[in-house]
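J.: Below you'll find my_file06.tsv; it's TSV, C-alpha atoms.
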chain	number	residue	atom	x	y	z
B	1	MET	CA	-56.56	9.71	-19.97
B	2	SER	CA	-53.08	9.57	-21.54
B	3	VAL	CA	-51.96	6.70	-23.76
B	4	SER	CA	-49.34	5.66	-21.22
B	5	ALA	CA	-52.00	5.31	-18.51
B	6	THR	CA	-54.04	2.99	-20.73
B	7	VAL	CA	-51.01	0.73	-21.37
B	8	GLN	CA	-50.90	-0.17	-17.67
B	9	ASP	CA	-54.51	-1.44	-17.68
B	10	ARG	CA	-54.62	-3.28	-20.99
B	11	ASP	CA	-54.24	-6.97	-21.67
B	12	LEU	CA	-51.41	-6.79	-24.17
B	13	SER	CA	-51.42	-10.50	-24.92
B	14	THR	CA	-54.40	-10.04	-27.24
B	15	LEU	CA	-52.60	-7.49	-29.43
B	16	SER	CA	-50.84	-8.34	-32.68
B	17	SER	CA	-47.20	-7.31	-33.14
B	18	GLN	CA	-48.27	-4.35	-35.28
B	19	GLU	CA	-50.85	-3.18	-32.73
B	20	LEU	CA	-48.25	-3.47	-30.01
B	21	MET	CA	-45.84	-1.39	-32.06
B	22	ARG	CA	-48.50	1.30	-32.64
B	23	LEU	CA	-49.25	1.40	-28.91
B	24	GLU	CA	-45.53	1.57	-28.10
B	25	ARG	CA	-44.95	4.46	-30.51
B	26	SER	CA	-47.95	6.46	-29.33
B	27	THR	CA	-46.88	5.96	-25.70
B	28	ALA	CA	-43.28	6.98	-26.43
B	29	GLU	CA	-44.51	10.02	-28.36
B	30	GLU	CA	-45.69	11.57	-25.07
B	31	PHE	CA	-42.08	11.79	-23.90
B	32	MET	CA	-40.49	13.17	-27.07
B	33	GLY	CA	-39.68	16.75	-28.01
B	34	GLY	CA	-38.99	19.88	-26.00
B	35	LEU	CA	-35.69	21.50	-25.21
B	36	PRO	CA	-33.63	19.47	-22.68
B	37	TRP	CA	-32.60	22.46	-20.55
B	38	GLY	CA	-31.31	20.18	-17.80
B	39	SER	CA	-28.72	18.63	-20.11
B	40	ILE	CA	-27.74	22.03	-21.56
B	41	ALA	CA	-27.21	23.51	-18.07
B	42	TRP	CA	-25.36	20.33	-17.03
B	43	ALA	CA	-22.96	20.66	-20.00
B	44	PHE	CA	-21.97	24.28	-19.36
B	45	THR	CA	-21.87	24.00	-15.54
B	46	ASN	CA	-19.63	20.95	-15.70
B	47	LEU	CA	-17.29	22.59	-18.21
B	48	ALA	CA	-17.17	25.80	-16.15
B	49	VAL	CA	-16.23	23.86	-13.00
B	50	TRP	CA	-13.50	21.95	-14.85
B	51	LEU	CA	-12.07	25.12	-16.43
B	52	SER	CA	-12.15	26.89	-13.03
B	53	LEU	CA	-10.15	24.04	-11.56
B	54	TRP	CA	-7.17	24.95	-13.75
B	55	PRO	CA	-6.24	28.33	-12.22
B	56	LEU	CA	-7.34	27.20	-8.76
B	57	THR	CA	-5.14	24.10	-8.89
B	58	LEU	CA	-2.14	25.65	-10.65
B	59	SER	CA	-2.09	28.51	-8.15
B	60	GLY	CA	-2.34	26.09	-5.22
B	61	VAL	CA	-5.69	27.43	-3.96
B	62	ILE	CA	-7.17	23.93	-4.25
B	63	PRO	CA	-4.93	21.06	-3.08
B	64	LEU	CA	-4.26	18.17	-5.46
B	65	TRP	CA	-6.16	15.67	-3.29
B	66	ALA	CA	-9.30	17.78	-3.81
B	67	THR	CA	-8.68	18.45	-7.51
B	68	ALA	CA	-8.41	14.78	-8.44
B	69	PRO	CA	-11.96	13.70	-7.44
B	70	ILE	CA	-13.59	16.89	-8.77
B	71	ALA	CA	-11.83	16.58	-12.13
B	72	THR	CA	-12.73	12.87	-12.27
B	73	LEU	CA	-16.37	13.78	-11.67
B	74	ASN	CA	-16.08	16.39	-14.45
B	75	VAL	CA	-14.83	13.73	-16.85
B	76	ILE	CA	-17.61	11.33	-15.84
B	77	LEU	CA	-20.22	14.05	-16.36
B	78	ALA	CA	-18.75	15.30	-19.64
B	79	TYR	CA	-20.13	12.68	-22.00
B	80	LEU	CA	-23.91	12.58	-21.67
B	81	PRO	CA	-24.81	16.15	-22.71
B	82	SER	CA	-22.71	15.60	-25.82
B	83	HIS	CA	-24.56	12.32	-26.32
B	84	GLU	CA	-27.84	14.28	-26.37
B	85	ALA	CA	-26.29	16.51	-29.05
B	86	GLN	CA	-25.02	13.52	-31.03
B	87	HIS	CA	-28.65	12.43	-31.40
B	88	ARG	CA	-29.75	15.98	-32.26
B	89	ILE	CA	-32.04	16.02	-29.25
B	90	ILE	CA	-31.46	19.73	-28.56
B	91	ALA	CA	-32.14	20.65	-32.21
B	92	ARG	CA	-31.93	19.05	-35.63
B	93	GLU	CA	-29.98	20.36	-38.61
B	94	GLY	CA	-31.89	23.30	-40.11
B	95	GLU	CA	-33.70	24.13	-36.85
B	96	ARG	CA	-33.23	27.47	-35.11
B	97	LEU	CA	-31.24	26.10	-32.15
B	98	PHE	CA	-29.01	23.72	-34.09
B	99	TRP	CA	-26.04	25.94	-33.20
B	100	LEU	CA	-26.75	25.24	-29.51
B	101	ASN	CA	-26.91	21.51	-30.21
B	102	GLU	CA	-23.48	21.65	-31.86
B	103	LEU	CA	-22.04	23.93	-29.17
B	104	VAL	CA	-23.06	21.47	-26.44
B	105	GLY	CA	-21.82	18.58	-28.57
B	106	HIS	CA	-18.37	20.10	-29.04
B	107	LEU	CA	-17.83	21.76	-25.63
B	108	SER	CA	-19.31	19.27	-23.20
B	109	PRO	CA	-16.75	16.46	-23.83
B	110	VAL	CA	-13.72	18.79	-23.60
B	111	PRO	CA	-12.73	17.49	-20.10
B	112	MET	CA	-12.50	13.97	-21.52
B	113	GLY	CA	-10.69	15.08	-24.70
B	114	LEU	CA	-13.33	13.53	-26.95
B	115	SER	CA	-13.88	14.75	-30.49
B	116	TYR	CA	-17.62	15.31	-31.05
B	117	GLU	CA	-17.81	14.30	-34.71
B	118	ALA	CA	-15.83	11.08	-34.23
B	119	ALA	CA	-17.99	10.27	-31.19
B	120	ARG	CA	-21.19	10.98	-33.13
B	121	LEU	CA	-20.33	8.88	-36.16
B	122	THR	CA	-19.01	5.91	-34.19
B	123	HIS	CA	-21.96	6.11	-31.79
B	124	TYR	CA	-24.39	5.85	-34.70
B	125	GLU	CA	-22.51	2.71	-35.73
B	126	HIS	CA	-23.01	1.37	-32.20
B	127	HIS	CA	-26.76	1.94	-32.50
B	128	LYS	CA	-26.88	0.34	-35.93
B	129	HIS	CA	-24.90	-2.72	-34.89
B	130	ALA	CA	-25.36	-2.97	-31.10
B	131	ASN	CA	-23.69	-6.19	-29.79
B	132	ASP	CA	-22.52	-7.25	-33.23
B	133	PRO	CA	-19.07	-8.75	-32.58
B	134	GLU	CA	-17.74	-7.44	-35.89
B	135	PHE	CA	-19.37	-4.04	-36.36
B	136	ASP	CA	-20.28	-2.65	-32.92
B	137	PRO	CA	-17.39	-0.29	-32.01
B	138	ASP	CA	-18.32	-0.62	-28.31
B	139	ILE	CA	-18.25	-4.43	-28.26
B	140	ASN	CA	-14.88	-4.45	-26.44
B	141	THR	CA	-16.64	-3.78	-23.13
B	142	LYS	CA	-18.40	-7.18	-23.39
B	143	SER	CA	-17.35	-9.16	-20.31
B	144	ASP	CA	-18.59	-12.00	-18.11
B	145	SER	CA	-19.20	-9.79	-15.05
B	146	GLY	CA	-18.73	-6.27	-13.73
B	147	TRP	CA	-15.37	-7.08	-12.16
B	148	HIS	CA	-14.22	-8.83	-15.32
B	149	MET	CA	-15.11	-5.69	-17.27
B	150	ILE	CA	-13.09	-3.45	-14.93
B	151	VAL	CA	-9.99	-5.70	-15.02
B	152	LYS	CA	-10.26	-6.04	-18.81
B	153	ASP	CA	-10.68	-2.28	-19.25
B	154	ILE	CA	-7.65	-1.46	-17.11
B	155	GLY	CA	-5.67	-4.06	-19.07
B	156	SER	CA	-6.74	-2.42	-22.30
B	157	GLN	CA	-5.69	1.02	-21.07
B	158	LEU	CA	-2.20	-0.33	-20.42
B	159	ARG	CA	-1.76	-0.85	-24.15
B	160	THR	CA	-0.13	1.98	-26.06
B	161	VAL	CA	-2.98	1.76	-28.61
B	162	THR	CA	-6.22	0.70	-26.91
B	163	LYS	CA	-8.63	-1.79	-28.49
B	164	MET	CA	-11.35	0.82	-28.10
B	165	ASN	CA	-9.50	3.39	-30.21
B	166	THR	CA	-8.71	0.75	-32.80
B	167	ALA	CA	-12.42	-0.17	-33.00
B	168	TYR	CA	-13.44	3.49	-33.40
B	169	ALA	CA	-10.84	4.08	-36.12
B	170	LYS	CA	-12.01	0.94	-37.94
B	171	ALA	CA	-15.62	2.14	-37.75
B	172	LEU	CA	-14.66	5.49	-39.30
B	173	GLU	CA	-12.60	3.74	-41.95
B	174	ARG	CA	-15.52	1.44	-42.75
B	175	LEU	CA	-17.79	4.45	-43.18
B	176	GLY	CA	-15.25	5.79	-45.67
B	177	THR	CA	-16.99	9.15	-46.18
B	178	ASP	CA	-15.30	12.56	-46.26
B	179	GLU	CA	-17.10	13.33	-43.01
B	180	ALA	CA	-15.63	10.22	-41.38
B	181	ARG	CA	-12.12	11.04	-42.64
B	182	ARG	CA	-12.46	14.58	-41.28
B	183	ALA	CA	-13.72	13.24	-37.94
B	184	GLY	CA	-10.72	10.89	-37.74
B	185	ALA	CA	-8.31	13.75	-38.49
B	186	VAL	CA	-9.94	15.97	-35.82
B	187	ALA	CA	-9.76	13.12	-33.29
B	188	LEU	CA	-6.05	12.79	-34.06
B	189	ILE	CA	-5.55	16.53	-33.58
B	190	TYR	CA	-7.36	16.27	-30.21
B	191	ALA	CA	-5.04	13.44	-29.13
B	192	LEU	CA	-1.93	15.35	-30.20
B	193	ALA	CA	-3.18	18.58	-28.59
B	194	THR	CA	-3.86	16.75	-25.31
B	195	ASN	CA	-0.33	15.36	-25.29
B	196	ALA	CA	1.13	18.78	-26.17
B	197	LEU	CA	-0.84	20.28	-23.26
B	198	LEU	CA	0.40	17.60	-20.85
B	199	PHE	CA	4.02	17.94	-22.00
B	200	GLY	CA	3.95	21.74	-21.90
B	201	PHE	CA	2.54	22.01	-18.39
B	202	ALA	CA	4.65	19.11	-17.12
B	203	TRP	CA	7.95	20.67	-18.27
B	204	ALA	CA	6.81	24.06	-16.95
B	205	GLY	CA	6.81	22.48	-13.46
B	206	TYR	CA	3.13	21.51	-13.20
B	207	ALA	CA	3.35	17.77	-13.93
B	208	LEU	CA	1.47	16.70	-10.79
B	209	GLU	CA	-1.15	19.38	-11.38
B	210	VAL	CA	-1.95	18.29	-14.96
B	211	ALA	CA	-1.80	14.65	-13.87
B	212	THR	CA	-4.63	15.37	-11.41
B	213	LEU	CA	-6.53	17.68	-13.78
B	214	VAL	CA	-6.35	15.61	-16.96
B	215	TRP	CA	-4.37	12.38	-16.94
B	216	LEU	CA	-5.68	10.45	-13.91
B	217	PRO	CA	-9.31	11.67	-14.22
B	218	ARG	CA	-9.46	10.46	-17.82
B	219	ILE	CA	-8.18	7.01	-16.83
B	220	VAL	CA	-10.51	6.60	-13.80
B	221	GLY	CA	-13.49	8.44	-15.33
B	222	GLY	CA	-13.09	6.47	-18.53
B	223	VAL	CA	-13.52	3.17	-16.66
B	224	TYR	CA	-16.67	4.52	-14.95
B	225	ILE	CA	-18.14	5.76	-18.24
B	226	ARG	CA	-17.49	2.53	-20.10
B	227	PHE	CA	-18.83	0.50	-17.16
B	228	PHE	CA	-22.17	2.29	-16.81
B	229	LEU	CA	-22.73	3.63	-20.31
B	230	SER	CA	-21.54	0.65	-22.28
B	231	TRP	CA	-21.07	-2.58	-20.32
B	232	ALA	CA	-23.99	-2.44	-17.84
B	233	PRO	CA	-26.86	-1.61	-20.26
B	234	HIS	CA	-25.73	-4.15	-22.87
B	235	HIS	CA	-24.61	-7.00	-20.61
B	236	PRO	CA	-24.39	-9.87	-21.54
B	237	ALA	CA	-24.18	-8.36	-25.06
B	238	ALA	CA	-25.12	-11.71	-26.56
B	239	ASP	CA	-28.32	-10.86	-28.44
B	240	LEU	CA	-29.03	-8.65	-31.42
B	241	GLY	CA	-32.26	-6.90	-32.35
B	242	ARG	CA	-34.47	-4.02	-31.23
B	243	TYR	CA	-35.77	-5.60	-28.04
B	244	ARG	CA	-32.74	-7.71	-27.06
B	245	ASP	CA	-29.56	-5.69	-27.64
B	246	THR	CA	-30.05	-3.48	-24.56
B	247	ARG	CA	-31.46	-4.23	-21.12
B	248	GLY	CA	-33.01	-2.46	-18.16
B	249	PHE	CA	-31.21	-3.15	-14.88
B	250	ARG	CA	-31.32	-2.13	-11.25
B	251	SER	CA	-28.06	-0.86	-9.81
B	252	ARG	CA	-27.28	-0.52	-6.10
B	253	LEU	CA	-25.97	2.97	-6.98
B	254	GLY	CA	-29.42	4.10	-8.12
B	255	ASN	CA	-30.47	6.20	-11.08
B	256	ILE	CA	-28.42	9.37	-10.54
B	257	LEU	CA	-25.09	7.67	-9.83
B	258	THR	CA	-25.56	5.45	-12.88
B	259	MET	CA	-26.44	8.59	-14.86
B	260	GLY	CA	-29.83	7.23	-15.93
B	261	MET	CA	-28.37	4.12	-17.51
B	262	GLN	CA	-30.76	1.76	-15.73
B	263	TYR	CA	-33.26	2.85	-18.40
B	264	HIS	CA	-30.85	2.85	-21.35
B	265	ILE	CA	-33.13	0.38	-23.16
B	266	ILE	CA	-35.46	3.33	-23.78
B	267	HIS	CA	-32.63	5.22	-25.47
B	268	HIS	CA	-31.97	2.38	-27.92
B	269	LEU	CA	-35.67	2.18	-28.75
B	270	TYR	CA	-36.12	5.96	-29.04
B	271	PRO	CA	-32.67	7.59	-29.49
B	272	ARG	CA	-34.09	11.13	-29.75
B	273	MET	CA	-35.93	11.01	-26.42
B	274	PRO	CA	-34.24	13.30	-23.84
B	275	LEU	CA	-32.27	11.40	-21.17
B	276	MET	CA	-34.15	12.96	-18.28
B	277	ARG	CA	-37.46	11.55	-19.53
B	278	HIS	CA	-36.21	7.95	-19.70
B	279	PRO	CA	-37.37	6.89	-16.20
B	280	ALA	CA	-40.96	8.06	-16.78
B	281	ALA	CA	-41.02	6.65	-20.31
B	282	PHE	CA	-39.71	3.34	-18.98
B	283	ARG	CA	-42.49	3.13	-16.41
B	284	ALA	CA	-45.08	3.90	-19.08
B	285	LEU	CA	-43.65	1.43	-21.60
B	286	ARG	CA	-42.72	-1.36	-19.16
B	287	PRO	CA	-45.73	-3.64	-19.91
B	288	ILE	CA	-44.93	-3.44	-23.63
B	289	LEU	CA	-41.26	-4.21	-22.98
B	290	VAL	CA	-42.31	-7.25	-20.93
B	291	ALA	CA	-44.64	-8.35	-23.74
B	292	ARG	CA	-41.74	-7.99	-26.18
B	293	GLY	CA	-39.50	-10.22	-24.06
B	294	CYS	CA	-37.02	-7.51	-23.14
B	295	ARG	CA	-34.45	-8.21	-20.46
B	296	LEU	CA	-35.37	-6.12	-17.41
B	297	ASP	CA	-33.04	-7.19	-14.62
B	298	GLY	CA	-34.73	-6.26	-11.37
B	299	ILE	CA	-36.29	-3.02	-12.57
T	1	MET	CA	-6.50	7.24	-32.21
T	2	PRO	CA	-4.65	4.47	-34.09
T	3	ARG	CA	-2.06	5.58	-36.49
T	4	ASP	CA	-3.04	3.59	-39.61
T	5	SER	CA	-6.48	5.05	-40.15
T	6	VAL	CA	-5.75	8.67	-39.66
T	7	ALA	CA	-2.22	9.07	-40.84
T	8	GLN	CA	-2.96	8.10	-44.42
T	9	PRO	CA	-1.58	10.66	-46.80
T	10	GLN	CA	-4.23	12.52	-48.74
T	11	GLY	CA	-4.05	13.33	-52.43
T	12	GLY	CA	-2.14	11.49	-55.15
T	13	ASP	CA	-5.24	10.78	-57.26
T	14	ILE	CA	-5.15	11.23	-61.02
T	15	GLY	CA	-5.39	14.91	-61.74
T	16	SER	CA	-4.30	16.08	-58.30
T	17	ASP	CA	-1.59	18.67	-58.01
T	18	PRO	CA	1.71	16.69	-57.75
T	19	PRO	CA	3.59	19.05	-55.38
T	20	ALA	CA	0.52	19.24	-53.11
T	21	ALA	CA	0.21	15.45	-53.16
T	22	ALA	CA	3.91	15.03	-52.39
T	23	SER	CA	3.76	17.48	-49.50
T	24	ALA	CA	0.62	15.79	-48.13
T	25	SER	CA	2.39	12.45	-48.42
T	26	LEU	CA	5.43	13.82	-46.57
T	27	MET	CA	3.11	15.20	-43.87
T	28	GLY	CA	1.48	11.80	-43.59
T	29	ARG	CA	4.83	10.05	-43.22
T	30	LEU	CA	6.03	12.55	-40.62
T	31	LEU	CA	2.77	12.16	-38.72
T	32	GLY	CA	3.11	8.37	-38.92
T	33	LEU	CA	6.62	8.58	-37.48
T	34	LEU	CA	5.43	10.90	-34.72
T	35	LEU	CA	2.62	8.53	-33.77
T	36	GLN	CA	4.85	5.47	-33.91
T	37	GLY	CA	7.22	7.11	-31.46
T	38	MET	CA	4.45	8.51	-29.24
T	39	PRO	CA	4.98	6.17	-26.23
T	40	PHE	CA	8.65	7.18	-26.08
T	41	ILE	CA	7.75	10.86	-26.54
T	42	PHE	CA	5.15	10.49	-23.76
T	43	GLY	CA	7.81	8.93	-21.51
T	44	ILE	CA	10.12	11.91	-22.02
T	45	GLY	CA	7.41	14.55	-22.34
T	46	PHE	CA	5.22	13.63	-19.38
T	47	ILE	CA	6.48	10.74	-17.24
T	48	ALA	CA	9.97	12.23	-16.86
T	49	PRO	CA	8.86	15.60	-15.44
T	50	LEU	CA	6.19	13.83	-13.37
T	51	ILE	CA	8.80	11.61	-11.70
T	52	THR	CA	11.10	14.61	-11.26
T	53	GLN	CA	8.37	16.60	-9.52
T	54	LEU	CA	7.39	13.63	-7.35
T	55	LEU	CA	10.99	13.19	-6.20
T	56	GLU	CA	11.35	16.91	-5.47
T	57	ARG	CA	8.13	16.89	-3.42
T	58	ALA	CA	9.06	13.72	-1.54
T	59	LEU	CA	12.65	14.86	-0.86
T	60	PRO	CA	12.66	18.67	-0.47
T	61	ALA	CA	16.43	18.61	0.06
T	62	ALA	CA	16.83	17.38	-3.52
T	63	ALA	CA	14.80	20.23	-5.01
T	64	GLN	CA	17.90	22.19	-6.12
T	65	ALA	CA	19.86	19.14	-7.26
T	66	GLN	CA	20.12	17.81	-10.81
T	67	TRP	CA	19.68	14.14	-9.99
T	68	PRO	CA	15.84	14.10	-9.75
T	69	LEU	CA	15.72	15.37	-13.35
T	70	LEU	CA	18.25	12.76	-14.47
T	71	VAL	CA	16.32	9.98	-12.70
T	72	GLY	CA	13.08	11.26	-14.26
T	73	LEU	CA	14.57	11.28	-17.76
T	74	ALA	CA	16.14	7.85	-17.30
T	75	VAL	CA	12.98	6.21	-15.94
T	76	GLY	CA	10.56	8.06	-18.27
T	77	GLY	CA	12.73	7.51	-21.33
T	78	THR	CA	13.33	3.83	-20.62
T	79	TRP	CA	9.68	3.17	-19.74
T	80	GLY	CA	8.50	4.92	-22.91
T	81	ALA	CA	11.04	3.09	-25.07
T	82	VAL	CA	10.01	-0.31	-23.65
T	83	ALA	CA	6.33	0.60	-24.15
T	84	ASN	CA	7.18	1.57	-27.72
T	85	LEU	CA	8.74	-1.83	-28.36
T	86	THR	CA	6.21	-4.02	-26.54
T	87	GLY	CA	3.00	-2.03	-27.17
T	88	ARG	CA	2.18	-2.10	-23.45
T	89	TRP	CA	2.88	0.26	-20.53
T	90	LEU	CA	3.05	-2.62	-18.05
Output the structure of this file as structure tokens.
T.:
Amino acid sequence: MSVSATVQDRDLSTLSSQELMRLERSTAEEFMGGLPWGSIAWAFTNLAVWLSLWPLTLSGVIPLWATAPIATLNVILAYLPSHEAQHRIIAREGERLFWLNELVGHLSPVPMGLSYEAARLTHYEHHKHANDPEFDPDINTKSDSGWHMIVKDIGSQLRTVTKMNTAYAKALERLGTDEARRAGAVALIYALATNALLFGFAWAGYALEVATLVWLPRIVGGVYIRFFLSWAPHHPAADLGRYRDTRGFRSRLGNILTMGMQYHIIHHLYPRMPLMRHPAAFRALRPILVARGCRLDGI
Amino acid sequence: MPRDSVAQPQGGDIGSDPPAAASASLMGRLLGLLLQGMPFIFGIGFIAPLITQLLERALPAAAQAQWPLLVGLAVGGTWGAVANLTGRWL
């Protein structure tokens, strides 16, 4: 019988904190390791679709009303494979497939114009300081409700320098390493290159086309990503600590449309566990999470 | 990405090559200026041709005229300049 099966039958109230931790780790261990082929295929398929949209849209084969939702979906889907790479889930430094890890990390977020290294370093800071009002670079999504978050996020995007970018730059500055300085410089180059791309195509007579391929999808997709990947799993973002800074939640959109974020609590407990194993790991670990006083809203 | 953190000039430490430090500092200042003016540049670089193209699509008769371009530049330039001053697009 597997460890996870025994968790379901045991009376956890009799276990000490250390015993509970040992049981949690041995249960989680069953879901670790292996190559996340699903996320790798997801990264390259999504990028291929987005790149194919360019000639198809610019040549008029696909109308703009069809391009906009597809490109928005591409932006929404661009982040998570890179997130797997940020946590070295595909391969660690020194391992045979580390090149693939880095390739996915760099290429997957291209539709959203995100620099991999800046994302990786600031995301580690988020894990280290989740919900900390001063040090969590993602704390700006903290809001009273889902609607409040959306209104706040749109308001933030109307600024010429968003609070989010300011928080990420501050996090890199705080790190103060050569790696962080390089990541900041690359992120700046990405931002300038994106603008150069928009300006070039716009003045060449394709302004509406690049607006639907890049500009609008990044605005709309960005709200979706921050809603489900940042606000929802950390709401109300009031507590700190291993078992309180992230929650499980049930969304009316289900697991696929929330991109697995209902089980994001598992990711904060075990950052190197592949995304696609989170639902099963959550079910196995649920009694332990309950015993630890985790917030599991309806799931 | 905010300008302050990434536009800092590199070099200038004791023992660094002075011409290299000066050129890095000049690069930094130029980059700072570019970023400070980015909303206005975005207004001219993207919003102006976007408005022009929208007008030409909405009014096919105006496609050969100059006025959609002038309107695009006026609206895009003004919008970008105001955003530059206020820090907000709306």
J.: Which residue out of B:Ala171, B:Leu269, B:Leu240, B:Leu35 has the minimum interatomic distance to chain T when all atoms listed in the file are used?
T.: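 Result for the nearest residue to chain T: B:Ala171.
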J.: Can you list every residue of chain T that has an atom at most 12 Å from chain B, with its nearest atom pair and the distance in Å to one decimal, using only C-alpha atoms, ordered by chain then number, as CSV?
T.:
residue,atom,partner,partner_atom,distance
T:Met1,CA,B:Asn165,CA,5.3
T:Pro2,CA,B:Thr166,CA,5.7
T:Arg3,CA,B:Leu188,CA,8.6
T:Asp4,CA,B:Ala169,CA,8.6
T:Ser5,CA,B:Ala169,CA,6.0
T:Val6,CA,B:Gly184,CA,5.8
T:Ala7,CA,B:Ala185,CA,8.0
T:Gln8,CA,B:Ala185,CA,9.8
T:Pro9,CA,B:Ala185,CA,11.1
T:Gln10,CA,B:Arg181,CA,10.1
T:Gly28,CA,B:Ala185,CA,11.2
T:Leu31,CA,B:Leu188,CA,10.0
T:Gly32,CA,B:Leu188,CA,11.3
T:Leu34,CA,B:Leu192,CA,9.7
T:Leu35,CA,B:Leu192,CA,8.9
T:Gln36,CA,B:Thr160,CA,9.9
T:Gly37,CA,B:Thr160,CA,10.5
T:Met38,CA,B:Thr160,CA,8.6
T:Pro39,CA,B:Thr160,CA,6.6
T:Phe40,CA,B:Thr160,CA,10.2
T:Ile41,CA,B:Phe199,CA,9.2
T:Phe42,CA,B:Asn195,CA,7.5
T:Gly43,CA,B:Phe199,CA,9.8
T:Ile44,CA,B:Phe199,CA,8.6
T:Gly45,CA,B:Phe199,CA,4.8
T:Phe46,CA,B:Phe199,CA,5.2
T:Ile47,CA,B:Ala207,CA,8.4
T:Ala48,CA,B:Ala202,CA,8.7
T:Pro49,CA,B:Ala202,CA,5.7
T:Leu50,CA,B:Ala207,CA,4.9
T:Ile51,CA,B:Ala207,CA,8.5
T:Thr52,CA,B:Ala207,CA,8.8
T:Gln53,CA,B:Ala207,CA,6.8
T:Leu54,CA,B:Leu208,CA,7.5
T:Leu55,CA,B:Leu208,CA,11.1
T:Glu56,CA,B:Gly205,CA,10.7
T:Arg57,CA,B:Leu208,CA,9.9
T:Ala63,CA,B:Gly205,CA,11.8
T:Leu69,CA,B:Trp203,CA,10.6
T:Gly72,CA,B:Trp203,CA,11.4
T:Leu73,CA,B:Trp203,CA,11.5
T:Trp79,CA,B:Thr160,CA,11.7
T:Gly80,CA,B:Thr160,CA,9.6
T:Ala81,CA,B:Thr160,CA,11.3
T:Val82,CA,B:Thr160,CA,10.7
T:Ala83,CA,B:Thr160,CA,6.9
T:Asn84,CA,B:Thr160,CA,7.5
T:Leu85,CA,B:Thr160,CA,9.9
T:Thr86,CA,B:Thr160,CA,8.7
T:Gly87,CA,B:Thr160,CA,5.2
T:Arg88,CA,B:Arg159,CA,4.2
T:Trp89,CA,B:Leu158,CA,5.1
T:Leu90,CA,B:Leu158,CA,6.2
J.: Of the candidates B:Leu73, B:Ala28, B:Ala48, B:Leu56, which shows the shortest atom-to-atom distance to Pro217 in chain B, using all atoms listed in the file?
T.: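 Residue with the minimum atom-to-atom distance to Pro217 in chain B: B:Leu73.
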J.: Which is closest to Arg22 in chain B among B:Val7, B:His278, B:Met273, B:Leu47, if we use only C-alpha atoms?
T.: B:Val7
J.: One decimal, Å: what's the distance from CA of Gly113 in chain B over to CA of Trp50 in chain B, could you say?
T.: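 Spanning CA of Gly113 in chain B to CA of Trp50 in chain B is a straight-line distance of 12.3 Å.
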J.: Go through B:Leu97, B:Val104, B:Ala91, B:Ala280 and flag the residue nearest Phe44 in chain B, using all atoms listed in the file for the distances.
T.: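 For Phe44 in chain B, the nearest of the candidates is B:Val104.
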J.: In Å, with one decimal, what is the gap from CA of Val49 in chain B to CA of Thr67 in chain B?
T.: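 Rounded to one decimal, the two atoms are 10.8 Å apart.
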J.: Could you name the residues that touch Arg88 in chain B at 9 Å or less, counting all atoms listed in the file, but leaving out those on the same chain fewer than 4 positions away, as a list in words?
T.: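 Once the nearby chain positions are removed, what remains is His83, Glu84, Arg92, Glu93, Phe98, Asn101, Glu102 and Arg272 of chain B.
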J.: Report, in Å to a single decimal, how far apart CA of Gly293 in chain B and CA of Thr258 in chain B are.
T.: 23.8 Å
J.: What lies within 9 Å of Cys294 in chain B using all atoms listed in the file, ignoring chain neighbours under 4 positions off, as a CSV table (one decimal) with C-alpha atoms, in the frame of the given file?
T.:
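Once everything was written out, this is selection-v4.csv:
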chain,number,residue,atom,x,y,z
B,243,TYR,CA,-35.8,-5.6,-28.0
B,244,ARG,CA,-32.7,-7.7,-27.1
B,245,ASP,CA,-29.6,-5.7,-27.6
B,246,THR,CA,-30.0,-3.5,-24.6
B,247,ARG,CA,-31.5,-4.2,-21.1
B,248,GLY,CA,-33.0,-2.5,-18.2
B,265,ILE,CA,-33.1,0.4,-23.2
B,288,ILE,CA,-44.9,-3.4,-23.6
B,289,LEU,CA,-41.3,-4.2,-23.0
B,290,VAL,CA,-42.3,-7.2,-20.9
J.: Box for range 121-136 of chain B: with edges along x, y and z, all listed atoms inside and 8 Å added on each side, what are the centre and edge lengths in Å to one decimal, as JSON?
T.:
{"center_x": -22.3, "center_y": 0.1, "center_z": -33.1, "size_x": 25.1, "size_y": 33.6, "size_z": 22.6}
J.: Can you complete the atoms of range 103-108 of chain B to N, CA and C atoms and list them as a PDB file, keeping the file's coordinate frame?
T.:
ATOM      1  N   LEU B 103     -22.892  23.338 -30.214  1.00  0.00           N
ATOM      2  CA  LEU B 103     -22.040  23.930 -29.170  1.00  0.00           C
ATOM      3  C   LEU B 103     -21.923  22.971 -27.977  1.00  0.00           C
ATOM      4  N   VAL B 104     -23.074  22.439 -27.550  1.00  0.00           N
ATOM      5  CA  VAL B 104     -23.060  21.470 -26.440  1.00  0.00           C
ATOM      6  C   VAL B 104     -22.270  20.231 -26.855  1.00  0.00           C
ATOM      7  N   GLY B 105     -22.510  19.772 -28.086  1.00  0.00           N
ATOM      8  CA  GLY B 105     -21.820  18.580 -28.570  1.00  0.00           C
ATOM      9  C   GLY B 105     -20.317  18.725 -28.546  1.00  0.00           C
ATOM     10  N   HIS B 106     -19.817  19.888 -28.973  1.00  0.00           N
ATOM     11  CA  HIS B 106     -18.370  20.100 -29.040  1.00  0.00           C
ATOM     12  C   HIS B 106     -17.763  20.421 -27.670  1.00  0.00           C
ATOM     13  N   LEU B 107     -18.442  21.270 -26.874  1.00  0.00           N
ATOM     14  CA  LEU B 107     -17.830  21.760 -25.630  1.00  0.00           C
ATOM     15  C   LEU B 107     -17.946  20.784 -24.459  1.00  0.00           C
ATOM     16  N   SER B 108     -19.092  20.125 -24.360  1.00  0.00           N
ATOM     17  CA  SER B 108     -19.310  19.270 -23.200  1.00  0.00           C
ATOM     18  C   SER B 108     -18.223  18.207 -23.001  1.00  0.00           C
TER      19      SER B 108
END
